[in-house]
Structures are given as C-alpha cells and as structure tokens.
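Asks: Following this line is entry_6.pdb, made up of PDB, C-alpha atoms:
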```pdb
ATOM      1  CA  MET F   1       0.000   0.000   0.000  1.00  0.00           C
ATOM      2  CA  ALA F   2       1.446   3.332  -1.060  1.00  0.00           C
ATOM      3  CA  GLY F   3       0.607   5.069   2.181  1.00  0.00           C
ATOM      4  CA  HIS F   4       2.382   2.435   4.169  1.00  0.00           C
ATOM      5  CA  SER F   5       5.395   2.382   1.847  1.00  0.00           C
ATOM      6  CA  LYS F   6       5.763   6.128   2.117  1.00  0.00           C
ATOM      7  CA  TRP F   7       5.385   5.900   5.878  1.00  0.00           C
ATOM      8  CA  ALA F   8       8.190   3.337   5.936  1.00  0.00           C
ATOM      9  CA  ASN F   9      10.340   5.757   3.954  1.00  0.00           C
ATOM     10  CA  ILE F  10       9.660   8.494   6.493  1.00  0.00           C
ATOM     11  CA  GLN F  11      10.684   6.099   9.245  1.00  0.00           C
ATOM     12  CA  HIS F  12      13.969   5.333   7.502  1.00  0.00           C
ATOM     13  CA  ARG F  13      14.658   9.014   6.889  1.00  0.00           C
ATOM     14  CA  LYS F  14      13.985   9.885  10.513  1.00  0.00           C
ATOM     15  CA  GLY F  15      16.066   6.945  11.649  1.00  0.00           C
ATOM     16  CA  ARG F  16      19.124   8.345   9.906  1.00  0.00           C
ATOM     17  CA  GLN F  17      19.031  11.550  11.901  1.00  0.00           C
ATOM     18  CA  ASP F  18      21.465  11.601  14.795  1.00  0.00           C
ATOM     19  CA  ALA F  19      18.894  13.085  17.148  1.00  0.00           C
ATOM     20  CA  ALA F  20      16.572  10.151  16.520  1.00  0.00           C
ATOM     21  CA  ARG F  21      19.279   7.477  16.492  1.00  0.00           C
ATOM     22  CA  SER F  22      19.947   7.212  20.235  1.00  0.00           C
ATOM     23  CA  LYS F  23      16.214   7.099  20.961  1.00  0.00           C
ATOM     24  CA  LEU F  24      15.750   4.434  18.269  1.00  0.00           C
ATOM     25  CA  PHE F  25      18.592   2.366  19.734  1.00  0.00           C
ATOM     26  CA  SER F  26      16.958   2.604  23.165  1.00  0.00           C
ATOM     27  CA  LYS F  27      13.589   1.409  21.853  1.00  0.00           C
ATOM     28  CA  LEU F  28      15.141  -1.484  19.928  1.00  0.00           C
ATOM     29  CA  SER F  29      17.228  -2.478  22.949  1.00  0.00           C
ATOM     30  CA  LYS F  30      14.112  -2.529  25.122  1.00  0.00           C
ATOM     31  CA  GLU F  31      12.374  -4.857  22.659  1.00  0.00           C
ATOM     32  CA  ILE F  32      15.414  -7.174  22.681  1.00  0.00           C
ATOM     33  CA  THR F  33      15.506  -7.270  26.484  1.00  0.00           C
ATOM     34  CA  VAL F  34      11.789  -8.032  26.789  1.00  0.00           C
ATOM     35  CA  ALA F  35      11.874 -10.635  23.995  1.00  0.00           C
ATOM     36  CA  ALA F  36      14.816 -12.378  25.645  1.00  0.00           C
ATOM     37  CA  LYS F  37      13.077 -12.238  29.024  1.00  0.00           C
ATOM     38  CA  MET F  38       9.875 -13.795  27.648  1.00  0.00           C
ATOM     39  CA  GLY F  39      11.654 -16.681  25.940  1.00  0.00           C
ATOM     40  CA  ASP F  40      15.102 -18.166  25.447  1.00  0.00           C
ATOM     41  CA  PRO F  41      18.079 -15.751  25.445  1.00  0.00           C
ATOM     42  CA  ASP F  42      19.404 -17.585  22.374  1.00  0.00           C
ATOM     43  CA  PRO F  43      17.980 -15.905  19.235  1.00  0.00           C
ATOM     44  CA  ASP F  44      18.107 -19.243  17.376  1.00  0.00           C
ATOM     45  CA  LYS F  45      15.617 -20.677  19.879  1.00  0.00           C
ATOM     46  CA  ASN F  46      13.451 -17.567  20.280  1.00  0.00           C
ATOM     47  CA  PRO F  47      11.687 -16.289  17.107  1.00  0.00           C
ATOM     48  CA  ARG F  48      10.631 -12.974  18.664  1.00  0.00           C
ATOM     49  CA  LEU F  49      14.160 -12.291  19.880  1.00  0.00           C
ATOM     50  CA  ARG F  50      15.600 -13.287  16.508  1.00  0.00           C
ATOM     51  CA  LEU F  51      13.352 -10.754  14.768  1.00  0.00           C
ATOM     52  CA  ALA F  52      14.195  -8.071  17.345  1.00  0.00           C
ATOM     53  CA  VAL F  53      17.930  -8.619  16.849  1.00  0.00           C
ATOM     54  CA  LYS F  54      17.505  -8.595  13.058  1.00  0.00           C
ATOM     55  CA  GLU F  55      15.598  -5.313  13.188  1.00  0.00           C
ATOM     56  CA  ALA F  56      18.248  -3.814  15.465  1.00  0.00           C
ATOM     57  CA  LYS F  57      21.033  -4.858  13.083  1.00  0.00           C
ATOM     58  CA  SER F  58      19.160  -3.374  10.105  1.00  0.00           C
ATOM     59  CA  SER F  59      19.068  -0.073  12.027  1.00  0.00           C
ATOM     60  CA  SER F  60      22.848  -0.272  12.619  1.00  0.00           C
ATOM     61  CA  VAL F  61      22.633  -0.960  16.349  1.00  0.00           C
ATOM     62  CA  PRO F  62      26.168  -2.020  17.433  1.00  0.00           C
ATOM     63  CA  LYS F  63      26.732  -5.670  18.318  1.00  0.00           C
ATOM     64  CA  ASP F  64      27.815  -4.834  21.873  1.00  0.00           C
ATOM     65  CA  VAL F  65      24.583  -2.902  22.475  1.00  0.00           C
ATOM     66  CA  ILE F  66      22.548  -5.911  21.298  1.00  0.00           C
ATOM     67  CA  GLU F  67      24.519  -8.299  23.512  1.00  0.00           C
ATOM     68  CA  ARG F  68      24.147  -5.945  26.486  1.00  0.00           C
ATOM     69  CA  ALA F  69      20.370  -5.815  25.965  1.00  0.00           C
ATOM     70  CA  ILE F  70      20.166  -9.627  26.005  1.00  0.00           C
ATOM     71  CA  LYS F  71      22.288  -9.805  29.170  1.00  0.00           C
ATOM     72  CA  LYS F  72      19.977  -7.295  30.850  1.00  0.00           C
ATOM     73  CA  SER F  73      17.119  -9.771  30.491  1.00  0.00           C
ATOM     74  CA  GLN F  74      19.066 -12.328  32.508  1.00  0.00           C
ATOM     75  CA  ALA F  75      19.766  -9.749  35.189  1.00  0.00           C
ATOM     76  CA  GLY F  76      16.072  -9.146  35.731  1.00  0.00           C
ATOM     77  CA  ASP F  77      15.590  -6.061  33.579  1.00  0.00           C
ATOM     78  CA  GLY F  78      12.365  -6.094  31.613  1.00  0.00           C
ATOM     79  CA  ASP F  79      10.421  -7.857  34.367  1.00  0.00           C
ATOM     80  CA  ASP F  80       7.977  -5.000  34.787  1.00  0.00           C
ATOM     81  CA  TYR F  81       7.386  -4.032  31.167  1.00  0.00           C
ATOM     82  CA  GLU F  82       3.982  -4.653  29.638  1.00  0.00           C
ATOM     83  CA  GLU F  83       2.968  -4.136  26.043  1.00  0.00           C
ATOM     84  CA  ILE F  84       0.013  -1.835  25.420  1.00  0.00           C
ATOM     85  CA  ARG F  85      -1.640  -0.722  22.202  1.00  0.00           C
ATOM     86  CA  TYR F  86      -3.396   2.630  21.938  1.00  0.00           C
ATOM     87  CA  GLU F  87      -5.697   3.631  19.094  1.00  0.00           C
ATOM     88  CA  GLY F  88      -6.836   7.056  18.059  1.00  0.00           C
ATOM     89  CA  TYR F  89      -7.417   9.605  15.338  1.00  0.00           C
ATOM     90  CA  GLY F  90      -5.129  12.294  13.977  1.00  0.00           C
ATOM     91  CA  PRO F  91      -5.739  15.292  11.700  1.00  0.00           C
ATOM     92  CA  ASN F  92      -8.311  14.671   8.924  1.00  0.00           C
ATOM     93  CA  GLY F  93      -9.480  11.544  10.744  1.00  0.00           C
ATOM     94  CA  VAL F  94      -6.342   9.520  10.030  1.00  0.00           C
ATOM     95  CA  ALA F  95      -6.344   6.279  12.036  1.00  0.00           C
ATOM     96  CA  ILE F  96      -3.305   5.818  14.280  1.00  0.00           C
ATOM     97  CA  ILE F  97      -2.043   2.802  16.223  1.00  0.00           C
ATOM     98  CA  VAL F  98       0.516   3.426  18.965  1.00  0.00           C
ATOM     99  CA  GLU F  99       2.464   0.445  20.321  1.00  0.00           C
ATOM    100  CA  ALA F 100       4.043   1.033  23.717  1.00  0.00           C
ATOM    101  CA  MET F 101       6.135  -0.882  26.218  1.00  0.00           C
ATOM    102  CA  THR F 102       5.927   0.497  29.731  1.00  0.00           C
ATOM    103  CA  ASP F 103       6.535  -0.140  33.406  1.00  0.00           C
ATOM    104  CA  ASN F 104       3.874   2.427  34.357  1.00  0.00           C
ATOM    105  CA  ARG F 105       0.571   2.062  32.509  1.00  0.00           C
ATOM    106  CA  ASN F 106      -0.972   5.200  34.030  1.00  0.00           C
ATOM    107  CA  ARG F 107       1.973   7.407  33.051  1.00  0.00           C
ATOM    108  CA  THR F 108       2.030   6.171  29.485  1.00  0.00           C
ATOM    109  CA  ALA F 109      -1.737   6.423  28.986  1.00  0.00           C
ATOM    110  CA  SER F 110      -1.728   9.984  30.333  1.00  0.00           C
ATOM    111  CA  ASN F 111       1.185  11.022  28.123  1.00  0.00           C
ATOM    112  CA  VAL F 112      -0.274   9.457  24.974  1.00  0.00           C
ATOM    113  CA  ARG F 113      -3.707  10.999  25.592  1.00  0.00           C
ATOM    114  CA  SER F 114      -2.141  14.418  26.195  1.00  0.00           C
ATOM    115  CA  THR F 115       0.004  14.168  23.050  1.00  0.00           C
ATOM    116  CA  PHE F 116      -3.026  13.366  20.911  1.00  0.00           C
ATOM    117  CA  SER F 117      -5.082  16.248  22.299  1.00  0.00           C
ATOM    118  CA  LYS F 118      -2.253  18.801  22.013  1.00  0.00           C
ATOM    119  CA  ASN F 119      -1.632  17.936  18.367  1.00  0.00           C
ATOM    120  CA  GLY F 120      -5.082  17.902  16.803  1.00  0.00           C
ATOM    121  CA  GLY F 121      -5.967  14.277  17.481  1.00  0.00           C
ATOM    122  CA  ASN F 122      -7.923  12.299  20.008  1.00  0.00           C
ATOM    123  CA  LEU F 123      -7.298   8.995  21.750  1.00  0.00           C
ATOM    124  CA  GLY F 124     -10.015   6.395  21.192  1.00  0.00           C
ATOM    125  CA  GLU F 125     -10.994   3.134  22.818  1.00  0.00           C
ATOM    126  CA  THR F 126      -9.116  -0.073  22.040  1.00  0.00           C
ATOM    127  CA  GLY F 127     -10.550  -1.373  18.781  1.00  0.00           C
ATOM    128  CA  SER F 128     -11.732   2.038  17.606  1.00  0.00           C
ATOM    129  CA  VAL F 129      -9.378   2.022  14.593  1.00  0.00           C
ATOM    130  CA  GLY F 130      -7.816  -1.440  14.729  1.00  0.00           C
ATOM    131  CA  PHE F 131     -10.370  -2.798  12.253  1.00  0.00           C
ATOM    132  CA  MET F 132      -8.766  -0.585   9.577  1.00  0.00           C
ATOM    133  CA  PHE F 133      -5.491  -2.523   9.838  1.00  0.00           C
ATOM    134  CA  GLU F 134      -4.299  -6.113   9.520  1.00  0.00           C
ATOM    135  CA  ARG F 135      -1.466  -7.616  11.535  1.00  0.00           C
ATOM    136  CA  LYS F 136       1.108  -8.770   8.984  1.00  0.00           C
ATOM    137  CA  GLY F 137       4.703  -9.820   8.648  1.00  0.00           C
ATOM    138  CA  GLU F 138       6.840  -7.536   6.469  1.00  0.00           C
ATOM    139  CA  VAL F 139      10.187  -8.337   4.852  1.00  0.00           C
ATOM    140  CA  VAL F 140      11.934  -5.548   2.929  1.00  0.00           C
ATOM    141  CA  TYR F 141      14.602  -6.064   0.265  1.00  0.00           C
ATOM    142  CA  PRO F 142      16.548  -3.535  -1.817  1.00  0.00           C
ATOM    143  CA  ALA F 143      15.724  -3.272  -5.525  1.00  0.00           C
ATOM    144  CA  SER F 144      19.160  -4.716  -6.312  1.00  0.00           C
ATOM    145  CA  VAL F 145      18.214  -8.291  -5.261  1.00  0.00           C
ATOM    146  CA  GLY F 146      16.281  -8.820  -8.490  1.00  0.00           C
ATOM    147  CA  ASP F 147      13.391  -7.713 -10.631  1.00  0.00           C
ATOM    148  CA  ALA F 148       9.754  -7.827  -9.538  1.00  0.00           C
ATOM    149  CA  ASP F 149       9.086 -11.223 -11.167  1.00  0.00           C
ATOM    150  CA  ASP F 150      12.082 -12.895  -9.503  1.00  0.00           C
ATOM    151  CA  VAL F 151      11.161 -11.563  -6.068  1.00  0.00           C
ATOM    152  CA  MET F 152       7.505 -12.520  -6.575  1.00  0.00           C
ATOM    153  CA  MET F 153       8.484 -16.110  -7.404  1.00  0.00           C
ATOM    154  CA  ALA F 154      10.768 -16.296  -4.384  1.00  0.00           C
ATOM    155  CA  ALA F 155       8.009 -14.886  -2.182  1.00  0.00           C
ATOM    156  CA  ILE F 156       5.415 -17.386  -3.454  1.00  0.00           C
ATOM    157  CA  GLU F 157       7.803 -20.283  -2.816  1.00  0.00           C
ATOM    158  CA  ALA F 158       8.502 -18.922   0.675  1.00  0.00           C
ATOM    159  CA  GLY F 159       4.791 -18.854   1.531  1.00  0.00           C
ATOM    160  CA  ALA F 160       4.241 -15.093   1.386  1.00  0.00           C
ATOM    161  CA  GLU F 161       0.901 -13.470   0.552  1.00  0.00           C
ATOM    162  CA  ASP F 162       1.845 -10.403  -1.477  1.00  0.00           C
ATOM    163  CA  VAL F 163       4.754  -8.356  -2.846  1.00  0.00           C
ATOM    164  CA  GLU F 164       4.936  -4.657  -3.653  1.00  0.00           C
ATOM    165  CA  SER F 165       7.891  -3.771  -5.893  1.00  0.00           C
ATOM    166  CA  SER F 166       9.029  -0.284  -6.858  1.00  0.00           C
ATOM    167  CA  GLU F 167      12.252   1.515  -7.718  1.00  0.00           C
ATOM    168  CA  ASP F 168      12.826   1.855  -3.946  1.00  0.00           C
ATOM    169  CA  GLY F 169      12.811  -1.894  -3.368  1.00  0.00           C
ATOM    170  CA  HIS F 170      10.587  -4.892  -2.649  1.00  0.00           C
ATOM    171  CA  VAL F 171       8.198  -5.249   0.294  1.00  0.00           C
ATOM    172  CA  VAL F 172       7.011  -8.800   0.972  1.00  0.00           C
ATOM    173  CA  TYR F 173       3.935  -9.380   3.144  1.00  0.00           C
ATOM    174  CA  CYS F 174       2.886 -12.566   4.894  1.00  0.00           C
ATOM    175  CA  ALA F 175       0.627 -13.780   7.709  1.00  0.00           C
ATOM    176  CA  ASP F 176       1.932 -12.574  11.068  1.00  0.00           C
ATOM    177  CA  THR F 177       2.330 -16.145  12.327  1.00  0.00           C
ATOM    178  CA  ASP F 178       4.400 -17.089   9.246  1.00  0.00           C
ATOM    179  CA  LEU F 179       6.948 -14.264   9.460  1.00  0.00           C
ATOM    180  CA  ALA F 180       9.886 -16.242  10.847  1.00  0.00           C
ATOM    181  CA  ALA F 181       9.423 -19.108   8.356  1.00  0.00           C
ATOM    182  CA  VAL F 182       8.903 -16.807   5.361  1.00  0.00           C
ATOM    183  CA  ALA F 183      11.869 -14.608   6.313  1.00  0.00           C
ATOM    184  CA  ASN F 184      14.159 -17.636   6.641  1.00  0.00           C
ATOM    185  CA  ALA F 185      13.015 -19.063   3.285  1.00  0.00           C
ATOM    186  CA  LEU F 186      13.509 -15.702   1.556  1.00  0.00           C
ATOM    187  CA  GLU F 187      16.969 -15.343   3.059  1.00  0.00           C
ATOM    188  CA  GLU F 188      18.017 -18.640   1.481  1.00  0.00           C
ATOM    189  CA  GLN F 189      16.993 -17.349  -1.951  1.00  0.00           C
ATOM    190  CA  LEU F 190      17.603 -13.602  -1.799  1.00  0.00           C
ATOM    191  CA  GLY F 191      20.113 -13.136   1.020  1.00  0.00           C
ATOM    192  CA  GLU F 192      19.867 -10.862   4.039  1.00  0.00           C
ATOM    193  CA  SER F 193      16.828  -8.558   4.102  1.00  0.00           C
ATOM    194  CA  ASP F 194      16.921  -4.853   4.942  1.00  0.00           C
ATOM    195  CA  SER F 195      14.161  -5.300   7.505  1.00  0.00           C
ATOM    196  CA  THR F 196      11.996  -8.072   8.957  1.00  0.00           C
ATOM    197  CA  LYS F 197       9.211  -7.207  11.394  1.00  0.00           C
ATOM    198  CA  LEU F 198       5.566  -7.397  12.370  1.00  0.00           C
ATOM    199  CA  ILE F 199       3.499  -4.421  11.237  1.00  0.00           C
ATOM    200  CA  TRP F 200      -0.030  -3.062  11.159  1.00  0.00           C
ATOM    201  CA  LYS F 201      -0.923  -2.848   7.451  1.00  0.00           C
ATOM    202  CA  PRO F 202      -3.743  -0.440   6.578  1.00  0.00           C
ATOM    203  CA  THR F 203      -6.726  -1.942   4.763  1.00  0.00           C
ATOM    204  CA  THR F 204      -8.167   1.510   4.069  1.00  0.00           C
ATOM    205  CA  THR F 205      -6.415   4.884   3.814  1.00  0.00           C
ATOM    206  CA  THR F 206      -7.146   8.586   4.223  1.00  0.00           C
ATOM    207  CA  ASP F 207      -5.856  10.938   1.539  1.00  0.00           C
ATOM    208  CA  MET F 208      -3.797  13.831   2.920  1.00  0.00           C
ATOM    209  CA  ASP F 209      -2.817  17.222   1.506  1.00  0.00           C
ATOM    210  CA  LEU F 210       0.362  19.060   2.538  1.00  0.00           C
ATOM    211  CA  GLU F 211      -1.202  20.908   5.470  1.00  0.00           C
ATOM    212  CA  GLY F 212      -2.753  17.715   6.773  1.00  0.00           C
ATOM    213  CA  MET F 213       0.533  15.814   6.457  1.00  0.00           C
ATOM    214  CA  GLN F 214       2.432  18.541   8.300  1.00  0.00           C
ATOM    215  CA  LYS F 215      -0.042  18.333  11.190  1.00  0.00           C
ATOM    216  CA  LEU F 216       0.056  14.538  11.144  1.00  0.00           C
ATOM    217  CA  MET F 217       3.866  14.420  11.214  1.00  0.00           C
ATOM    218  CA  LYS F 218       3.893  16.835  14.145  1.00  0.00           C
ATOM    219  CA  LEU F 219       1.619  14.453  16.069  1.00  0.00           C
ATOM    220  CA  ILE F 220       3.605  11.363  15.085  1.00  0.00           C
ATOM    221  CA  ASP F 221       6.919  13.013  15.981  1.00  0.00           C
ATOM    222  CA  ALA F 222       5.529  13.960  19.400  1.00  0.00           C
ATOM    223  CA  LEU F 223       4.286  10.415  20.010  1.00  0.00           C
ATOM    224  CA  GLU F 224       7.612   8.902  18.965  1.00  0.00           C
ATOM    225  CA  ASP F 225       9.455  11.225  21.321  1.00  0.00           C
ATOM    226  CA  ASP F 226       7.831   9.409  24.258  1.00  0.00           C
ATOM    227  CA  ASP F 227      10.319   6.884  25.646  1.00  0.00           C
ATOM    228  CA  ASP F 228       7.508   4.367  26.261  1.00  0.00           C
ATOM    229  CA  VAL F 229       6.306   4.408  22.644  1.00  0.00           C
ATOM    230  CA  GLN F 230       7.888   1.733  20.470  1.00  0.00           C
ATOM    231  CA  ARG F 231       6.145   2.253  17.131  1.00  0.00           C
ATOM    232  CA  VAL F 232       3.497   4.476  15.523  1.00  0.00           C
ATOM    233  CA  THR F 233       1.494   3.477  12.428  1.00  0.00           C
ATOM    234  CA  ALA F 234      -0.958   5.666  10.496  1.00  0.00           C
ATOM    235  CA  ASN F 235      -3.228   4.866   7.532  1.00  0.00           C
ATOM    236  CA  PHE F 236      -2.555   7.946   5.422  1.00  0.00           C
ATOM    237  CA  GLU F 237      -2.202   8.231   1.662  1.00  0.00           C
ATOM    238  CA  ALA F 238      -0.280  11.166   0.140  1.00  0.00           C
ATOM    239  CA  SER F 239       1.058  12.099  -3.278  1.00  0.00           C
ATOM    240  CA  ASP F 240       4.768  12.092  -4.057  1.00  0.00           C
ATOM    241  CA  ASP F 241       4.573  15.883  -4.440  1.00  0.00           C
ATOM    242  CA  VAL F 242       3.224  16.270  -0.909  1.00  0.00           C
ATOM    243  CA  MET F 243       5.809  13.867   0.545  1.00  0.00           C
ATOM    244  CA  GLU F 244       8.666  15.727  -1.104  1.00  0.00           C
ATOM    245  CA  GLN F 245       7.590  18.997   0.538  1.00  0.00           C
ATOM    246  CA  LEU F 246       7.657  17.626   4.078  1.00  0.00           C
TER     247      LEU F 246
END
```
Just dump the structure as structure tokens.

Replies:
Amino acid sequence: MAGHSKWANIQHRKGRQDAARSKLFSKLSKEITVAAKMGDPDPDKNPRLRLAVKEAKSSSVPKDVIERAIKKSQAGDGDDYEEIRYEGYGPNGVAIIVEAMTDNRNRTASNVRSTFSKNGGNLGETGSVGFMFERKGEVVYPASVGDADDVMMAAIEAGAEDVESSEDGHVVYCADTDLAAVANALEEQLGESDSTKLIWKPTTTTDMDLEGMQKLMKLIDALEDDDDVQRVTANFEASDDVMEQL
C-alpha cells in the first residue's frame, strides 16, 4: 500500500538523523531485552528475539549494544514491562495505532492521551481504529536483489501473501504467524533482508494534503518522542509531491 510504503520511507529518513538514532537504539534495545526475558536468550531458539535482533542490526545498532540488551534480560531487567496498544485519530481523521512498552501504565496512557489532544488528534478506545489494519509480517529487500518477477516467485515459494515492488525496493507481506518461516526461506533465496518485522498494514487509507501531512507528522513526531512508545502506524495516503515537501 502506497501510504504504508511512504510511511516506511519516512521512518527510515527519521532513523538516519542523529537526534533520533539514540532514541531508536533505546527502543530497539528494550524490545530485545523483553523478547529475551519472555523466551530463550538464544535468538536461534526464540523467534521474537531473533526478529528483534535482526531489526536492530538493520538499524545499525552495534553488536555490543545488542549483547548488552540480552544480558539485561538475565539480570532481571524487563520484568515489569507490559505491552500496550493505543488507538486514536489524527488530523483529517487519520487512524493511528501506537504500540508502547511500559513499566507504568498510568503514566504512558496519560502522556499518549495528552500528546493526541495537544496535536489535533484524540485517543479512542481499544478497537476504535484497529479494524482498519491487519497484523502482517513484512520483509523488505533492496531493488538490487532482483526484478519484480524474480522476487515474486521467491516470495510465493517462501509462503508469502503479497509483494509490492518499486524503484525503492521490494516489500514482501505474509501472515503474522508465518513471518519467521517466510523470512528464513527468503533469506536462502535472496540473502539478508533490509528489515523483517511485524506491522499493522492499513486496509483503508485517508488521503492527505500538505497541510494535513504537516499536522500529522507533528503528532507522530511527538508520540515517537515518548520513551515508552515503540512504534506508531498511520493509515494515510499522500502524493509524491506532498511527501517531497515535508
């Protein structure tokens, strides 16, 4: 979906900024610690941890930081974290899902609600926008791995559901429960992916003009600045012209 692909591009662009990098490393490290705490500290025996480590590596998190995050899980860190999903609306009625990991539910809920209200949005009840998204696995490859037909064939053989190819690269989608198996099968045929993770894929989108996108990005930036927020997904659609002006 174009809206999602463009959103992914915004994420990558933001991730390259130094100001965002340390915060991104912290969020990825937290996910590694919690994943290791919930299962085996060996990534080969823990699919969630394996995906968390893979995502951290794709974001250039240093090996020692990853190893330190895993060791923290054995020291008791991550015991108190719980995963919470918030749903709400942004400017122009854009649906937003906020995934958080917190040791203080009241603090996080208050901060997220306040951020929505201060930036032209409003926090809804759980399920208020979730029906506009599907939980999917996403594997991203650079355009250089092959043409659209080659990647489509590899994806079909790996058990994927869909592929979106463009000059920016290839995005392979699969059932959320199949992500580890599909990612491993793709790696055998196409090599290491740029990114492998679970996402919320919009099933319907809201078209945004420049003013709307500027307001939406202000809200998303504010949400992402919260240390408890791990990931923000929105179901917008915007033209290339609008995206280039952001």

Asks: Hey, can you check how far atom CA of F:Asp228 sits from atom CA of F:Thr108?

Replies: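 Interatomic distance, atom CA of F:Asp228 to atom CA of F:Thr108: 6.6 Å.
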
Asks: Please measure the separation of atom CA of F:Val172 and atom CA of F:Phe133, giving the value in Å to one decimal.

Replies: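 Going from atom CA of F:Val172 over to atom CA of F:Phe133, I get 16.6 Å.
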
Asks: From the list F:Asp80, F:Glu99, F:Ile66, F:Asn46, which residue is nearest F:Asp227 when using all atoms listed in the file?

Replies: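 Under the stated criterion, the closest residue is F:Glu99.
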
Asks: Quick one, how far is atom CA of F:Glu67 from atom CA of F:Leu24?

Replies: 16.3 Å

Asks: Give me the residues within 12 Å of F:Glu187 as an MDAnalysis selection string, counting all atoms listed in the file and dropping any in the same chain fewer than 4 places off.

Replies: chainID F and resid 139:141 145 151 154:155 157:158 179:183 191:196

Asks: Which of these, F:Lys218, F:Asp209, F:Met152, F:Ser128, has the shortest distance to F:Glu237 once you count only C-alpha atoms?

Replies: F:Asp209

Asks: Within 12 Å of F:Glu164, counting all atoms listed in the file, which residues qualify if same-chain residues fewer than 3 places away don't, as a list in words?

Replies: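 Once the nearby chain positions are removed, what remains is Met1, Ala2, His4, Ser5, Glu138, Val139, Val140, Tyr141, Pro142, Ala143, Asp147, Ala148, Asp149, Val151, Met152, Ala155, Ala160, Glu161, Glu167, Asp168, Gly169, His170, Val171, Val172, Tyr173 and Cys174 of chain F.
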
Asks: Using the chain letters and numbers from this file, what does the PyMOL selection byres ((chain F and resi 43) around 12) select? Give the answer as a list in words.

Replies: Ile32, Thr33, Ala35, Ala36, Lys37, Met38, Gly39, Asp40, Pro41, Asp42, Asp44, Lys45, Asn46, Pro47, Arg48, Leu49, Arg50, Leu51, Ala52, Val53, Lys54, Ile66, Glu67, Ile70 and Ala180 of chain F

Asks: For the residues in that selection, give me C-alpha atoms as a PDB file, in the frame of the given file.

Replies:
```pdb
ATOM      1  CA  ILE F  32      15.414  -7.174  22.681  1.00  0.00           C
ATOM      2  CA  THR F  33      15.506  -7.270  26.484  1.00  0.00           C
ATOM      3  CA  ALA F  35      11.874 -10.635  23.995  1.00  0.00           C
ATOM      4  CA  ALA F  36      14.816 -12.378  25.645  1.00  0.00           C
ATOM      5  CA  LYS F  37      13.077 -12.238  29.024  1.00  0.00           C
ATOM      6  CA  MET F  38       9.875 -13.795  27.648  1.00  0.00           C
ATOM      7  CA  GLY F  39      11.654 -16.681  25.940  1.00  0.00           C
ATOM      8  CA  ASP F  40      15.102 -18.166  25.447  1.00  0.00           C
ATOM      9  CA  PRO F  41      18.079 -15.751  25.445  1.00  0.00           C
ATOM     10  CA  ASP F  42      19.404 -17.585  22.374  1.00  0.00           C
ATOM     11  CA  ASP F  44      18.107 -19.243  17.376  1.00  0.00           C
ATOM     12  CA  LYS F  45      15.617 -20.677  19.879  1.00  0.00           C
ATOM     13  CA  ASN F  46      13.451 -17.567  20.280  1.00  0.00           C
ATOM     14  CA  PRO F  47      11.687 -16.289  17.107  1.00  0.00           C
ATOM     15  CA  ARG F  48      10.631 -12.974  18.664  1.00  0.00           C
ATOM     16  CA  LEU F  49      14.160 -12.291  19.880  1.00  0.00           C
ATOM     17  CA  ARG F  50      15.600 -13.287  16.508  1.00  0.00           C
ATOM     18  CA  LEU F  51      13.352 -10.754  14.768  1.00  0.00           C
ATOM     19  CA  ALA F  52      14.195  -8.071  17.345  1.00  0.00           C
ATOM     20  CA  VAL F  53      17.930  -8.619  16.849  1.00  0.00           C
ATOM     21  CA  LYS F  54      17.505  -8.595  13.058  1.00  0.00           C
ATOM     22  CA  ILE F  66      22.548  -5.911  21.298  1.00  0.00           C
ATOM     23  CA  GLU F  67      24.519  -8.299  23.512  1.00  0.00           C
ATOM     24  CA  ILE F  70      20.166  -9.627  26.005  1.00  0.00           C
ATOM     25  CA  ALA F 180       9.886 -16.242  10.847  1.00  0.00           C
TER      26      ALA F 180
END
```

Asks: Which residues fall under the PyMOL selection byres ((chain F and resi 245) around 10) in this file, as a ChimeraX atom specification?

Replies: /F:210,213-214,240-244,246

Asks: Closest to F:Lys30 among F:Thr177, F:Asn235, F:Ser59, F:Gln230, using all atoms listed in the file?

Replies: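 Among the listed residues, the smallest separation from F:Lys30 belongs to F:Gln230.
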
Asks: For stretch 167-184 of chain F, what centre and edge lengths in Å (one decimal) does the axis-aligned box get once 5 Å is added on each side of all its listed atoms, as lines of an AutoDock Vina configuration file?

Replies:
```
center_x = 7.4
center_y = -8.6
center_z = 2.3
size_x = 23.5
size_y = 31.0
size_z = 30.0
```

Asks: Compare F:Pro62, F:Gly76, F:Gly146, F:Gly130 by their minimum atom-to-atom distance to F:Val34, counting all atoms listed in the file, and give me the closest one.

Replies: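 Among F:Pro62, F:Gly76, F:Gly146, F:Gly130, it is F:Gly76 that comes nearest to F:Val34.
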
Asks: Closest to F:Val65 among F:Leu223, F:Leu28, F:Ala185, F:Met132, using all atoms listed in the file?

Replies: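 Ranked by minimum distance to F:Val65, first place goes to F:Leu28.
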
Asks: Please list as a VMD selection string every residue within 8 Å of stretch 120-123 of chain F, counting all atoms listed in the file and excluding residues in the same chain fewer than 2 positions away.

Replies: chain F and resid 86 to 91 112 to 113 116 to 118 125 215 219

Asks: Could you tell me which of F:Thr204, F:Ser114, F:Gln189, F:Tyr81 comes closest to F:Thr102 if we count all atoms listed in the file?

Replies: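 Of all the options, F:Tyr81 lies closest to F:Thr102.
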
Asks: Take the point (2.8, -4.0, 27.0) as written in the file and pick out every residue within 9 Å of it, counting all atoms listed in the file; give the list as a compact mmCIF listing (two decimals) with C-alpha atoms, in the frame of the given file.

Replies:
```txt
# COMPACT_ATOMS: atom_id res chain seq x y z
CA TYR F 81 7.39 -4.03 31.17
CA GLU F 82 3.98 -4.65 29.64
CA GLU F 83 2.97 -4.14 26.04
CA ILE F 84 0.01 -1.84 25.42
CA ARG F 85 -1.64 -0.72 22.20
CA GLU F 99 2.46 0.44 20.32
CA ALA F 100 4.04 1.03 23.72
CA MET F 101 6.14 -0.88 26.22
CA THR F 102 5.93 0.50 29.73
CA ASP F 103 6.54 -0.14 33.41
CA ARG F 105 0.57 2.06 32.51
```

Asks: Give me, as a PyMOL selection string, all polymer residues having an atom no more than 7 Å from F:Phe236, counting all atoms listed in the file and skipping those fewer than 5 positions away in the same chain.

Replies: chain F and resi 3+94+205-208
